[in-house]
Amino acid sequence: MKITIIGTGYVGLVSGAVFADWGHDVVCLDVDQEKIDMIKKGVMPIYEEGLEELVKKVIDEGRFKATTDYKMAVEHGELIFICVGTPSNQAGAANLNYVFNASKSIGKFMKSGEYTVVITKSTVPVGTHQKVKKNILEGAGKKKVDFDVASNPEFLREGTSIYDANNTDRVVVGSDSDKALNMLESLYKHLNAPIVKTDLASAELIKYSANAFLATKISFINEISQICERTGADVVNVAKGMGLDSRIGPKFLNAGIGYGGSCFPKDVEALYRTSSENFYDFRLLRGVMDANERQKEYFLEKVWNKYGKNLSNIKFGILGSAFKNGTDDTRKSVAVSIIKSLRGAGANLLITDPAALSNTKNELGDKHINYSKKIEGVFKDVDAVFILTEWPEFDSIDYEKFGKIMKKKVIFDGRNLLDPETMTKLGFEYFGVGRKV
Ligand code: NAD
């Protein structure tokens, strides 16, 4: 099939490369010239395992082009996927300007007399499909265009997105048009995954519901971690005992410093907004968001309790700034938020992250911060080390060896990556989240 991708970020670039790998003829478009120039040279604007090799392969095989030329891109695709960002606006709702601008441009360049399906892959609030359609028609002006809109929410996870795209648990496609649904079904049917064919509104709501549910699971176990800290229970044992119940499952039951990233915070907030706009107060979601904010504060309280709120003579080593492991993405990273609080209190910081150092530097600059490519660099002469991202690399550190170069052997483990008993035996003062020490 001829496929066009609008927006070559984490979702668009991976989807485009994967579709091309499945044998389709793909054009990826972005308004960011620099990004497109990099992709054309085979240099990835984002870090994602296996992406560079895959893009190089599909470019060499002649099935993948990157461009900023809207006319060429829109004329190419019988399926056009909108994959632009939908960040929060100031009121907490999804900012749909990028989606609407893309829709207008699609309408502007859509060829008369050729049937096209315009699919929203970006996460958009329920009901957005009607506005996408309106914007396409506005862009088309007086020209007669033959198209349907569809929703195909994306569930890939940064860090494992190529694997996820090929091994998804399910595909969700929503449209009022059987023709559009059938075309999308034929794109995905080789995947051996259930395809949920549904109406547009349900497809749009599925994505928000899934993300809000996962965020709820995280906030739930974080709330349990608070009870653990007050009663002497250990949240890792509690989560293990809960997660073995097949009705619950073990995933998203790791207590820590809260959820972050470019999706969960904005999607939970946007769903709450959608609910309010429809005259329903989704109290549970309010609790989920509150708990998430408080979880970060509770973690910082451990620091204030130990050192006070003036950290001007204190030096901390920071392991991890990405919002999760496997990515360079620091958007709405809780790690970055904690780093800002520590720096705000006057601490000097040494930061390492296997993939996100450059994004972190762009966001935080150099004031009171040194960046180290080597893990060892953040242990030297520090008063404590913080684990803020759950990179497996941090689990396998030789803490006994590196502990010797620290000024004080103190660990704040915001991801419950380490075993408190082992760390205590090694002579560390250990602070986890809901752990029995
Ligand atoms: P991103 O910010 O990495 O990429 C968006 C891209 O769109 C940018 O490169 C930007 O230059 C481009 N763009 C903006 N306006 C444009 C326009 N008018 N025409 C063409 N290109 C334009 O965003 P992302 O992380 O890939 O997320 C995209 C969407 O997918 C969001 O709605 C997000 O919620 C959703 N989503 C993201 C993930 C994820 O893990 N990142 C997972 C599932 C769903």
# chains A, B, ... in the order shown; residues from 1 in each chain; ligands from 1
>>> residues_near_ligand(ligand="ligand 1", cutoff="9 Å", atoms="only C-alpha atoms and all ligand atoms", output="PyMOL selection string")
chain A and resi 5-14+29-33+35-36+45-46+68+70+82-87+94+96-105+120-124+153-159+161+207+261-264+266-267+329
>>> select_by_dssp(residues="stretch 280-349 of chain A", states="strand (DSSP E)", output="PyMOL selection string")
chain A and resi 315-319+348-349
>>> residues_around(residues="A:Ala335", least_positions_apart="5", cutoff="10 Å", atoms="only C-alpha atoms", output="list in words")
Ile257, Gly258, Tyr259, Gly260, Gly261, Lys296, Ile318, Leu319, Gly320, Ser321, Ala322, Phe323, Lys324, Thr330, Lys340, Ser341, Phe386, Ile387, Leu388, Thr389 and Gly414 of chain A
>>> write_last_selection(atoms="C-alpha atoms", output="PDB file, in the first residue's frame")
ATOM      1  CA  ILE A 257       8.606   8.397  42.256  1.00  0.00           C
ATOM      2  CA  GLY A 258       5.493   8.464  40.077  1.00  0.00           C
ATOM      3  CA  TYR A 259       4.612   8.330  36.414  1.00  0.00           C
ATOM      4  CA  GLY A 260       5.945  10.861  33.922  1.00  0.00           C
ATOM      5  CA  GLY A 261       6.794  11.079  30.250  1.00  0.00           C
ATOM      6  CA  LYS A 296       7.359  12.939  44.235  1.00  0.00           C
ATOM      7  CA  ILE A 318      22.194  11.245  39.771  1.00  0.00           C
ATOM      8  CA  LEU A 319      21.652   7.974  37.939  1.00  0.00           C
ATOM      9  CA  GLY A 320      19.111   8.631  35.208  1.00  0.00           C
ATOM     10  CA  SER A 321      17.166  11.565  33.842  1.00  0.00           C
ATOM     11  CA  ALA A 322      15.100   9.947  31.047  1.00  0.00           C
ATOM     12  CA  PHE A 323      11.458   9.489  31.967  1.00  0.00           C
ATOM     13  CA  LYS A 324      12.030   5.737  31.748  1.00  0.00           C
ATOM     14  CA  THR A 330      12.982  13.636  29.072  1.00  0.00           C
ATOM     15  CA  LYS A 340      15.244  20.626  39.487  1.00  0.00           C
ATOM     16  CA  SER A 341      14.052  20.505  43.107  1.00  0.00           C
ATOM     17  CA  PHE A 386      19.991   8.977  43.498  1.00  0.00           C
ATOM     18  CA  ILE A 387      18.496   6.366  41.171  1.00  0.00           C
ATOM     19  CA  LEU A 388      15.837   8.208  39.201  1.00  0.00           C
ATOM     20  CA  THR A 389      15.458   6.088  36.042  1.00  0.00           C
ATOM     21  CA  GLY A 414      13.500   6.252  43.514  1.00  0.00           C
TER      22      GLY A 414
END
>>> atom_distance(atom1="atom CA of A:Thr168", atom2="atom CA of A:Arg63")
22.8 Å
>>> select_by_dssp(residues="stretch 132-237 of chain A", states="helix (DSSP H, G or I)", output="number ranges by chain")
A: 132-140, 161-166, 178-191, 200-231, 235-237
>>> write_last_selection(atoms="C-alpha atoms", output="mmCIF file, in the first residue's frame")
data_model
loop_
_atom_site.group_PDB
_atom_site.id
_atom_site.type_symbol
_atom_site.label_atom_id
_atom_site.label_comp_id
_atom_site.auth_asym_id
_atom_site.auth_seq_id
_atom_site.Cartn_x
_atom_site.Cartn_y
_atom_site.Cartn_z
ATOM 1 C CA VAL A 132 -10.300 16.552 11.645
ATOM 2 C CA LYS A 133 -12.875 16.002 8.903
ATOM 3 C CA LYS A 134 -13.967 19.652 9.063
ATOM 4 C CA ASN A 135 -10.347 20.861 8.807
ATOM 5 C CA ILE A 136 -9.614 18.589 5.841
ATOM 6 C CA LEU A 137 -12.677 19.974 4.045
ATOM 7 C CA GLU A 138 -11.633 23.511 4.937
ATOM 8 C CA GLY A 139 -8.160 22.851 3.519
ATOM 9 C CA ALA A 140 -9.659 21.361 0.349
ATOM 10 C CA SER A 161 8.664 0.545 19.998
ATOM 11 C CA ILE A 162 9.883 -1.460 17.003
ATOM 12 C CA TYR A 163 9.288 -4.702 18.857
ATOM 13 C CA ASP A 164 5.907 -3.406 20.030
ATOM 14 C CA ALA A 165 4.819 -2.436 16.525
ATOM 15 C CA ASN A 166 5.477 -5.998 15.367
ATOM 16 C CA ASP A 178 -16.359 -0.121 6.164
ATOM 17 C CA LYS A 179 -14.039 0.592 3.245
ATOM 18 C CA ALA A 180 -11.611 2.453 5.533
ATOM 19 C CA LEU A 181 -11.841 -0.235 8.220
ATOM 20 C CA ASN A 182 -11.127 -2.969 5.687
ATOM 21 C CA MET A 183 -8.069 -1.157 4.327
ATOM 22 C CA LEU A 184 -6.692 -0.770 7.849
ATOM 23 C CA GLU A 185 -7.485 -4.370 8.625
ATOM 24 C CA SER A 186 -5.505 -5.515 5.606
ATOM 25 C CA LEU A 187 -2.542 -3.402 6.767
ATOM 26 C CA TYR A 188 -2.437 -5.143 10.142
ATOM 27 C CA LYS A 189 -3.900 -8.598 9.569
ATOM 28 C CA HIS A 190 -0.543 -10.388 9.259
ATOM 29 C CA LEU A 191 0.205 -9.434 12.861
ATOM 30 C CA LEU A 200 -14.528 6.469 15.869
ATOM 31 C CA ALA A 201 -15.489 7.757 19.308
ATOM 32 C CA SER A 202 -14.796 4.405 20.976
ATOM 33 C CA ALA A 203 -11.418 4.069 19.256
ATOM 34 C CA GLU A 204 -10.407 7.525 20.463
ATOM 35 C CA LEU A 205 -11.565 6.778 23.991
ATOM 36 C CA ILE A 206 -9.837 3.370 24.151
ATOM 37 C CA LYS A 207 -6.401 5.008 24.054
ATOM 38 C CA TYR A 208 -7.148 7.435 26.888
ATOM 39 C CA SER A 209 -8.847 4.758 28.953
ATOM 40 C CA ALA A 210 -5.877 2.411 28.588
ATOM 41 C CA ASN A 211 -3.326 5.062 29.581
ATOM 42 C CA ALA A 212 -5.470 6.350 32.449
ATOM 43 C CA PHE A 213 -5.929 2.810 33.728
ATOM 44 C CA LEU A 214 -2.178 2.134 33.687
ATOM 45 C CA ALA A 215 -1.534 5.451 35.456
ATOM 46 C CA THR A 216 -4.162 4.430 38.029
ATOM 47 C CA LYS A 217 -2.327 1.163 38.622
ATOM 48 C CA ILE A 218 0.911 3.076 39.227
ATOM 49 C CA SER A 219 -0.722 5.553 41.577
ATOM 50 C CA PHE A 220 -2.447 2.692 43.381
ATOM 51 C CA ILE A 221 0.780 0.858 44.176
ATOM 52 C CA ASN A 222 2.403 4.178 45.093
ATOM 53 C CA GLU A 223 -0.375 4.774 47.606
ATOM 54 C CA ILE A 224 0.200 1.259 48.946
ATOM 55 C CA SER A 225 3.912 2.127 49.312
ATOM 56 C CA GLN A 226 2.871 4.893 51.716
ATOM 57 C CA ILE A 227 0.995 2.410 53.860
ATOM 58 C CA CYS A 228 4.042 0.116 53.729
ATOM 59 C CA GLU A 229 6.301 2.889 55.016
ATOM 60 C CA ARG A 230 3.918 3.514 57.903
ATOM 61 C CA THR A 231 3.391 -0.143 58.863
ATOM 62 C CA VAL A 235 5.839 -2.833 48.791
ATOM 63 C CA VAL A 236 7.889 -5.144 46.565
ATOM 64 C CA ASN A 237 6.527 -8.167 48.435
#
>>> atom_distance(atom1="atom CA of A:Lys143", atom2="atom CA of A:Glu114")
12.1 Å
